[in-house]
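To be precise, the following lines are data.cif, and they hold mmCIF, C-alpha atoms.
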```cif
data_final
#
loop_
_atom_site.label_atom_id
_atom_site.label_comp_id
_atom_site.auth_asym_id
_atom_site.auth_seq_id
_atom_site.Cartn_x
_atom_site.Cartn_y
_atom_site.Cartn_z
CA MET S 24 1.36 21.60 -12.79
CA ASP S 25 4.95 21.51 -14.04
CA SER S 26 5.82 22.68 -17.52
CA LYS S 27 6.80 19.22 -18.75
CA LYS S 28 3.30 17.96 -18.03
CA ILE S 29 1.76 20.91 -19.89
CA VAL S 30 3.93 20.19 -22.92
CA GLU S 31 2.83 16.54 -22.81
CA ILE S 32 -0.85 17.51 -22.60
CA LYS S 33 -0.53 19.97 -25.48
CA LYS S 34 1.15 17.29 -27.57
CA ALA S 35 -1.69 14.87 -26.81
CA PHE S 36 -4.34 17.41 -27.81
CA ARG S 37 -2.52 18.24 -31.05
CA SER S 38 -2.29 14.58 -31.96
CA ALA S 39 -5.88 13.78 -30.91
CA PHE S 40 -7.58 16.75 -32.55
CA PRO S 41 -7.45 15.60 -36.22
CA HIS S 42 -9.21 12.35 -35.24
CA THR S 43 -12.06 14.34 -33.70
CA ILE S 44 -12.77 16.68 -36.63
CA PRO S 45 -15.74 14.61 -37.94
CA VAL S 46 -17.15 14.53 -34.41
CA PHE S 47 -16.66 18.29 -34.20
CA THR S 48 -18.81 18.79 -37.31
CA GLY S 49 -21.46 16.33 -36.23
CA PHE S 50 -21.70 17.36 -32.58
CA ILE S 51 -21.78 21.08 -33.28
CA VAL S 52 -24.61 20.62 -35.79
CA LEU S 53 -26.58 18.07 -33.74
CA GLY S 54 -25.88 20.05 -30.56
CA ILE S 55 -27.33 23.14 -32.23
CA ALA S 56 -30.35 21.11 -33.36
CA TYR S 57 -30.81 19.88 -29.80
CA GLY S 58 -30.49 23.38 -28.34
CA ILE S 59 -33.07 24.72 -30.81
CA LEU S 60 -35.49 21.85 -30.17
CA MET S 61 -35.27 22.31 -26.41
CA HIS S 62 -35.79 26.03 -26.94
CA THR S 63 -38.96 25.48 -28.96
CA LYS S 64 -40.29 23.29 -26.12
CA GLY S 65 -39.75 26.13 -23.68
CA TYR S 66 -36.45 24.93 -22.21
CA GLY S 67 -33.90 27.71 -22.51
CA VAL S 68 -30.16 27.47 -23.02
CA LEU S 69 -29.52 26.87 -19.31
CA TRP S 70 -31.57 23.66 -19.36
CA SER S 71 -30.25 22.26 -22.62
CA VAL S 72 -26.63 22.92 -21.59
CA LEU S 73 -27.25 21.42 -18.16
CA MET S 74 -28.66 18.25 -19.77
CA SER S 75 -25.77 18.02 -22.25
CA ALA S 76 -23.13 18.65 -19.60
CA LEU S 77 -24.51 16.18 -17.06
CA ALA S 78 -26.13 13.37 -19.04
CA PHE S 79 -23.99 13.69 -22.23
CA CYS S 80 -25.87 10.97 -24.09
CA GLY S 81 -26.75 12.27 -27.59
CA SER S 82 -29.65 10.20 -28.86
CA MET S 83 -31.12 9.69 -25.39
CA GLN S 84 -31.26 13.45 -24.93
CA PHE S 85 -33.48 13.75 -28.00
CA VAL S 86 -35.70 10.98 -26.61
CA ALA S 87 -35.71 12.82 -23.29
CA ILE S 88 -37.37 15.87 -24.85
CA THR S 89 -40.57 13.82 -24.91
CA LEU S 90 -40.08 13.03 -21.22
CA LEU S 91 -39.77 16.72 -20.42
CA THR S 92 -43.00 17.55 -22.22
CA THR S 93 -45.36 14.97 -20.70
CA ALA S 94 -46.50 14.11 -17.20
CA PHE S 95 -43.68 13.93 -14.63
CA ASN S 96 -42.33 10.38 -14.50
CA PRO S 97 -38.71 10.10 -13.32
CA VAL S 98 -38.80 6.29 -13.01
CA GLN S 99 -39.74 5.93 -16.66
CA ALA S 100 -36.98 8.43 -17.56
CA PHE S 101 -34.43 6.38 -15.60
CA LEU S 102 -35.48 3.04 -17.12
CA LEU S 103 -35.58 4.43 -20.66
CA SER S 104 -32.13 5.89 -20.16
CA LEU S 105 -30.84 2.47 -19.01
CA MET S 106 -32.31 0.78 -22.10
CA VAL S 107 -31.30 3.30 -24.75
CA ASN S 108 -27.80 3.53 -23.29
CA ALA S 109 -27.35 -0.18 -22.61
CA ARG S 110 -24.74 -0.39 -25.39
CA HIS S 111 -22.30 1.49 -23.13
CA LEU S 112 -22.06 -1.64 -21.01
CA PHE S 113 -20.28 -3.41 -23.86
CA TYR S 114 -18.15 -0.37 -24.66
CA GLY S 115 -16.96 -0.62 -21.07
CA ILE S 116 -15.93 -4.27 -21.47
CA ALA S 117 -14.23 -3.44 -24.78
CA MET S 118 -12.26 -0.57 -23.21
CA LEU S 119 -11.19 -2.34 -19.99
CA ASP S 120 -7.65 -2.88 -21.25
CA LYS S 121 -7.21 0.44 -23.03
CA TYR S 122 -8.24 2.39 -19.93
CA LYS S 123 -6.13 0.24 -17.61
CA GLY S 124 -3.79 1.94 -15.15
CA MET S 125 -5.15 5.42 -15.79
CA GLY S 126 -5.69 6.21 -12.11
CA LYS S 127 -8.10 9.03 -11.36
CA SER S 128 -8.39 9.94 -15.03
CA ARG S 129 -10.24 6.68 -15.52
CA PHE S 130 -13.30 8.23 -13.91
CA PHE S 131 -13.48 10.97 -16.55
CA LEU S 132 -12.73 8.57 -19.40
CA ILE S 133 -15.61 6.33 -18.32
CA TYR S 134 -18.00 9.20 -17.62
CA LEU S 135 -17.38 10.64 -21.11
CA LEU S 136 -17.45 7.34 -23.02
CA CYS S 137 -20.04 8.12 -25.74
CA ASP S 138 -20.52 6.31 -29.08
CA GLU S 139 -18.15 8.55 -31.01
CA THR S 140 -15.41 8.60 -28.37
CA PHE S 141 -15.65 4.82 -28.15
CA SER S 142 -15.42 4.54 -31.95
CA ILE S 143 -12.25 6.63 -32.06
CA SER S 144 -10.51 5.39 -28.92
CA SER S 145 -11.21 1.71 -29.57
CA ILE S 146 -9.51 1.77 -32.98
CA ILE S 147 -7.02 4.67 -33.11
CA LYS S 148 -3.67 3.90 -31.47
CA PRO S 149 -1.97 6.87 -29.81
CA PRO S 150 1.36 7.64 -31.54
CA GLU S 151 4.48 6.29 -29.77
CA GLN S 152 5.77 9.65 -28.59
CA VAL S 153 2.41 10.74 -27.14
CA ASN S 154 1.32 9.95 -23.59
CA LYS S 155 -1.45 7.35 -23.88
CA LYS S 156 -3.50 8.63 -20.97
CA TYR S 157 -3.46 12.22 -22.18
CA PHE S 158 -4.33 11.12 -25.70
CA TYR S 159 -7.49 9.29 -24.59
CA LEU S 160 -8.38 12.14 -22.25
CA ALA S 161 -7.95 14.62 -25.11
CA VAL S 162 -10.29 12.64 -27.41
CA SER S 163 -12.90 12.33 -24.64
CA PHE S 164 -12.65 15.94 -23.58
CA LEU S 165 -12.76 17.37 -27.12
CA ASP S 166 -15.86 15.32 -28.03
CA TYR S 167 -17.56 16.37 -24.80
CA PHE S 168 -16.62 19.99 -25.37
CA TYR S 169 -18.04 19.97 -28.94
CA TRP S 170 -21.37 18.60 -27.73
CA VAL S 171 -21.79 21.11 -24.91
CA LEU S 172 -20.61 23.95 -27.14
CA GLY S 173 -23.05 22.95 -29.90
CA THR S 174 -25.91 22.80 -27.41
CA PHE S 175 -24.95 26.23 -26.10
CA ILE S 176 -24.86 27.77 -29.58
CA GLY S 177 -28.21 26.16 -30.45
CA GLY S 178 -29.83 27.48 -27.29
CA MET S 179 -28.46 30.98 -27.89
CA VAL S 180 -28.61 31.78 -31.59
CA GLY S 181 -29.91 28.63 -33.25
CA GLN S 182 -32.73 30.25 -35.18
CA LEU S 183 -30.29 32.48 -37.05
CA LEU S 184 -28.53 29.67 -38.93
CA PHE S 185 -27.94 30.92 -42.43
CA PHE S 186 -27.21 27.92 -44.63
CA ASN S 187 -29.13 24.79 -45.41
CA THR S 188 -27.68 22.19 -43.06
CA LYS S 189 -30.25 19.53 -43.87
CA GLY S 190 -28.51 16.16 -43.89
CA ILE S 191 -25.28 17.32 -42.29
CA ASP S 192 -25.91 15.04 -39.31
CA PHE S 193 -25.06 12.21 -41.71
CA VAL S 194 -21.44 13.06 -40.85
CA LEU S 195 -21.75 10.89 -37.72
CA THR S 196 -23.06 7.93 -39.74
CA ALA S 197 -20.16 8.46 -42.15
CA LEU S 198 -17.71 8.48 -39.24
CA ILE S 199 -19.12 5.23 -37.85
CA VAL S 200 -19.04 3.55 -41.28
CA VAL S 201 -15.42 4.60 -41.89
CA LEU S 202 -14.26 3.47 -38.45
CA PHE S 203 -16.09 0.19 -38.96
CA ILE S 204 -14.13 -0.34 -42.21
CA GLU S 205 -10.96 0.46 -40.24
CA GLN S 206 -11.92 -2.25 -37.72
CA LEU S 207 -12.44 -4.77 -40.52
CA LYS S 208 -8.89 -4.14 -41.80
CA PHE S 209 -7.80 -6.56 -39.11
CA GLN S 210 -8.67 -10.12 -40.01
CA GLU S 211 -9.51 -11.09 -36.42
CA ASN S 212 -12.21 -8.39 -36.31
CA ARG S 213 -14.10 -9.49 -39.40
CA LEU S 214 -16.15 -12.22 -37.79
CA SER S 215 -17.18 -10.12 -34.79
CA GLY S 216 -17.96 -7.16 -37.06
CA ILE S 217 -20.27 -9.27 -39.21
CA VAL S 218 -21.86 -10.74 -36.08
CA GLY S 219 -22.56 -7.17 -34.89
CA ILE S 220 -24.16 -6.08 -38.14
CA GLY S 221 -26.10 -9.32 -38.62
CA CYS S 222 -27.54 -9.52 -35.10
CA THR S 223 -28.54 -5.86 -35.13
CA ILE S 224 -30.29 -6.18 -38.49
CA ILE S 225 -32.23 -9.14 -37.08
CA GLY S 226 -32.93 -7.07 -33.96
CA LEU S 227 -34.18 -4.20 -36.11
CA LEU S 228 -36.46 -6.45 -38.17
CA ILE S 229 -37.99 -8.18 -35.16
CA PHE S 230 -38.02 -5.49 -32.47
CA LYS S 231 -38.21 -2.33 -34.63
CA ALA S 232 -36.15 0.84 -34.41
CA ASP S 233 -37.10 1.92 -30.90
CA ASN S 234 -36.34 -1.33 -29.09
CA LEU S 235 -33.47 -2.87 -31.01
CA VAL S 236 -30.52 -2.17 -28.72
CA ILE S 237 -30.89 -4.67 -25.90
CA PRO S 238 -32.16 -7.66 -27.97
CA SER S 239 -29.34 -7.07 -30.47
CA MET S 240 -26.75 -6.93 -27.68
CA ILE S 241 -28.06 -10.20 -26.23
CA MET S 242 -27.88 -11.88 -29.66
CA ILE S 243 -24.34 -10.60 -30.21
CA LEU S 244 -23.32 -11.93 -26.80
CA ILE S 245 -24.85 -15.35 -27.46
CA VAL S 246 -23.29 -15.72 -30.91
CA LEU S 247 -19.85 -14.66 -29.64
CA LEU S 248 -20.03 -17.04 -26.68
CA VAL S 249 -21.22 -19.96 -28.81
CA TRP S 250 -18.41 -19.22 -31.27
CA ARG S 251 -15.91 -19.30 -28.38
CA LYS S 252 -17.24 -22.69 -27.23
CA LEU S 253 -17.03 -24.11 -30.76
CA LYS S 254 -13.49 -22.84 -31.33
CA CYS S 255 -12.42 -23.58 -27.74
CA ILE S 256 -10.73 -20.17 -27.47
CA MET F 14 -41.74 24.39 -19.93
CA TYR F 15 -44.25 21.75 -19.01
CA LEU F 16 -42.68 20.64 -15.74
CA THR F 17 -41.70 22.67 -12.71
CA THR F 18 -38.04 23.58 -12.17
CA MET F 19 -37.65 20.90 -9.51
CA GLN F 20 -39.28 18.24 -11.68
CA THR F 21 -37.05 19.14 -14.62
CA VAL F 22 -33.94 18.83 -12.44
CA ILE F 23 -35.11 15.42 -11.23
CA ILE F 24 -35.73 14.18 -14.80
CA ILE F 25 -32.27 15.37 -15.87
CA LEU F 26 -30.70 13.61 -12.87
CA ALA F 27 -32.67 10.40 -13.55
CA ILE F 28 -31.42 10.32 -17.15
CA THR F 29 -27.87 11.11 -16.02
CA LEU F 30 -27.99 8.31 -13.45
CA GLY F 31 -29.20 5.80 -16.06
CA THR F 32 -26.39 6.78 -18.42
CA ILE F 33 -23.73 6.68 -15.70
CA ILE F 34 -24.80 3.19 -14.62
CA THR F 35 -24.49 1.83 -18.17
CA ARG F 36 -21.05 3.43 -18.57
CA PHE F 37 -19.56 2.40 -15.20
CA THR F 38 -20.91 -1.15 -14.77
CA ALA F 39 -18.14 -2.93 -16.67
CA PHE F 40 -15.42 -0.99 -14.91
CA VAL F 41 -16.95 -1.57 -11.47
CA LEU F 42 -17.45 -5.31 -12.08
CA PHE F 43 -13.93 -5.76 -13.43
CA PRO F 44 -11.72 -3.31 -11.52
CA ASP F 45 -8.26 -2.26 -12.61
CA GLY F 46 -5.36 -4.45 -11.61
CA LYS F 47 -7.43 -7.57 -10.97
CA ASP F 48 -7.34 -10.43 -13.45
CA HIS F 49 -10.68 -10.94 -15.11
CA PRO F 50 -12.04 -14.29 -16.23
CA PRO F 51 -10.74 -15.36 -19.67
CA VAL F 52 -14.22 -15.04 -21.15
CA ILE F 53 -14.13 -11.29 -20.39
CA ASP F 54 -10.76 -10.95 -22.13
CA TYR F 55 -12.25 -12.77 -25.09
CA LEU F 56 -15.28 -10.45 -25.15
CA ALA F 57 -13.04 -7.39 -24.76
CA ARG F 58 -11.23 -8.51 -27.92
CA MET F 59 -14.37 -9.30 -29.92
CA LEU F 60 -16.83 -6.62 -28.82
CA PRO F 61 -15.30 -3.47 -30.37
CA ALA F 62 -15.96 -4.61 -33.94
CA SER F 63 -19.36 -6.08 -33.01
CA MET F 64 -20.46 -2.86 -31.35
CA MET F 65 -19.28 -0.83 -34.35
CA GLY F 66 -21.44 -3.12 -36.49
CA LEU F 67 -24.34 -2.48 -34.12
CA LEU F 68 -23.73 1.27 -34.37
CA VAL F 69 -23.76 1.19 -38.18
CA VAL F 70 -27.23 -0.35 -38.14
CA TYR F 71 -28.28 1.90 -35.24
CA CYS F 72 -27.40 5.01 -37.28
CA LEU F 73 -29.58 3.79 -40.14
CA LYS F 74 -32.45 2.38 -38.08
CA ASN F 75 -34.98 5.07 -38.96
CA ILE F 76 -34.75 4.61 -42.73
CA SER F 77 -37.86 3.11 -44.23
CA VAL F 78 -37.25 1.11 -47.36
CA PHE F 79 -40.89 1.40 -48.41
CA VAL F 80 -41.24 5.16 -48.13
CA TYR F 81 -39.72 7.62 -50.57
CA PRO F 82 -36.74 8.02 -51.03
CA ASN F 83 -36.46 4.41 -49.86
CA GLY F 84 -33.05 4.80 -48.24
CA ILE F 85 -31.42 5.40 -51.62
CA PRO F 86 -29.49 8.55 -50.53
CA GLU F 87 -28.05 6.62 -47.56
CA LEU F 88 -27.20 3.60 -49.73
CA LEU F 89 -25.44 5.68 -52.40
CA SER F 90 -23.54 7.76 -49.86
CA ILE F 91 -22.36 4.72 -47.92
CA LEU F 92 -21.32 2.99 -51.16
CA LEU F 93 -19.23 6.03 -52.06
CA ILE F 94 -17.72 6.12 -48.56
CA VAL F 95 -16.75 2.43 -48.72
CA ILE F 96 -15.22 2.68 -52.20
CA LEU F 97 -13.41 5.93 -51.46
CA HIS F 98 -12.12 4.62 -48.16
CA LEU F 99 -10.85 1.31 -49.52
CA TRP F 100 -9.15 3.25 -52.32
CA LYS F 101 -7.65 6.28 -50.52
CA ARG F 102 -7.71 5.23 -46.85
CA ASN F 103 -8.16 8.85 -45.82
CA VAL F 104 -10.66 9.09 -42.96
CA LEU F 105 -11.51 12.78 -43.33
CA LEU F 106 -11.76 12.59 -47.12
CA SER F 107 -14.16 9.62 -46.99
CA ILE F 108 -16.35 11.26 -44.33
CA GLY F 109 -16.34 14.70 -45.96
CA VAL F 110 -17.16 13.54 -49.49
CA GLY F 111 -19.73 11.01 -48.25
CA THR F 112 -21.54 13.63 -46.17
CA ALA F 113 -21.42 16.18 -49.00
CA LEU F 114 -22.97 13.65 -51.39
CA TYR F 115 -25.69 12.83 -48.89
CA MET F 116 -26.55 16.51 -48.36
CA PHE F 117 -26.60 17.09 -52.12
CA LEU F 118 -28.85 14.06 -52.67
CA ILE F 119 -31.47 14.98 -50.08
CA GLN F 120 -31.42 18.72 -50.76
CA VAL F 121 -31.32 18.70 -54.56
CA ILE F 122 -32.17 15.28 -56.02
CA PHE F 123 -34.53 13.48 -53.64
CA ILE F 124 -36.64 16.41 -52.50
#
```
Structure encoded using structure tokens:
Amino acid sequence: MDSKKIVEIKKAFRSAFPHTIPVFTGFIVLGIAYGILMHTKGYGVLWSVLMSALAFCGSMQFVAITLLTTAFNPVQAFLLSLMVNARHLFYGIAMLDKYKGMGKSRFFLIYLLCDETFSISSIIKPPEQVNKKYFYLAVSFLDYFYWVLGTFIGGMVGQLLFFNTKGIDFVLTALIVVLFIEQLKFQENRLSGIVGIGCTIIGLLIFKADNLVIPSMIMILIVLLVWRKLKCI
Amino acid sequence: MYLTTMQTVIIILAITLGTIITRFTAFVLFPDGKDHPPVIDYLARMLPASMMGLLVVYCLKNISVFVYPNGIPELLSILLIVILHLWKRNVLLSIGVGTALYMFLIQVIFI
């Protein structure tokens, strides 16, 4: 790799890092919690890190603990993973343009597209002087790194945590709320933002917390498509 | 461990496969360089804000309004975040103060 490229990559990391600080806090803490939980179920650091590094799907990994502690059923694990993670399908559509023309890097960007990375990369515009591809790669890589690192720490020394971290995982909710407000700054996003909130609340009320994702996505899709028809966009 | 080593590996791979499919589908259906139908461009424009709205509710889905503390810590913290953010527009400040308030509320006030 030539030195110019290295300089470009460093610049991208420096400019991406501040945006990922809330994710750093949240992922380290939740990663530790995950590592500890796996540990208490008899799955040592090797297993929790392997799961985090390969599957990299936060909330689904917590759900998966149940799957690792009951009768062996890989088909159920696969289907549950599809359902809990279904929202990624729409992240993909939303990121089609942003991840356009990224060549081989596209593979990594897609593989690492979690909720938090999507939240940052879909709203934050890379600064003019920073290479776009490296910026998105830096956000994705940093978030991924935090999660795996947190899991590792949790699996190794989790029980020794010395201060009361109860409630610190709220940092991820705070991040999502703030980035949602940032989205709503743009007039053209307000309608779709309200559609998202509204449909998901209805989904939550009807289908309850464990099954809300797919019905809410379908409602969002229907409302957006009907709106398009009405406005003839 | 409840499962054998091999079974555990298979479960991890099954979950990984499910996740990968949900992440790659859009990009496989609408490959780079090809024009996609206008409806996809429309959805690509509209979906980011909708999905952020979904995520906001998703983050709060396990709150029960009828069980103490009735979601009050979350409500107060989010109110503070919204006000602070509209006022100062500083992402880290809003997140930091909002999280600190939440931790204070559930550790000290709503025990």
Counting all atoms listed in the file, the residue of F:Met64, F:Val104, F:Leu73, F:Val110 that sits nearest Gly216 (chain S):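 Between F:Met64, F:Val104, F:Leu73, F:Val110, the residue approaching Gly216 (chain S) most closely is F:Met64.
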Two-atom distance - CA of Asn96 (chain S), CA of Leu16 (chain F) (Å):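 Between these atoms lies a distance of 10.3 Å.
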Atomic separation - CA of Gly109 (chain F) relative to CA of Gly173 (chain S), Å: 19.3 Å
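Using only C-alpha atoms, the nearest neighbour of Ile96 (chain F) within the list F:Pro61, F:Pro44, F:Pro50, F:Gly111 is F:Gly111.
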Answer as a VMD selection string, residues within 8 Å of (-24.1, 14.4, -41.5) using only C-alpha atoms: (chain S and resid 49 190 to 197) or (chain F and resid 112 115 to 116)
Neighbours of point (-31.8, 24.8, -16.9) within 12 Å, using only C-alpha atoms, written as JSON, numbers by chain: {"S": [58, 61, 62, 65, 66, 67, 68, 69, 70, 71, 72, 73, 74, 75, 76, 77, 91, 175, 178], "F": [14, 16, 17, 18, 19, 20, 21, 22, 23, 24, 25, 26]}
Residue IDs satisfying the PyMOL selection byres ((chain S) within 7 of (chain F)), as a ChimeraX atom specification: /S:64-66,74,77-78,91-92,95,97,100-102,104-105,108-109,111-113,115-117,119,123-124,133-134,136,145,189-191,193-194,196-201,203,206,212,215-220,223-224,232
Atomic separation - CA of Glu139 (chain S) relative to CA of Leu172 (chain S), Å: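 Spanning CA of Leu172 (chain S) to CA of Glu139 (chain S) is a straight-line distance of 16.1 Å.
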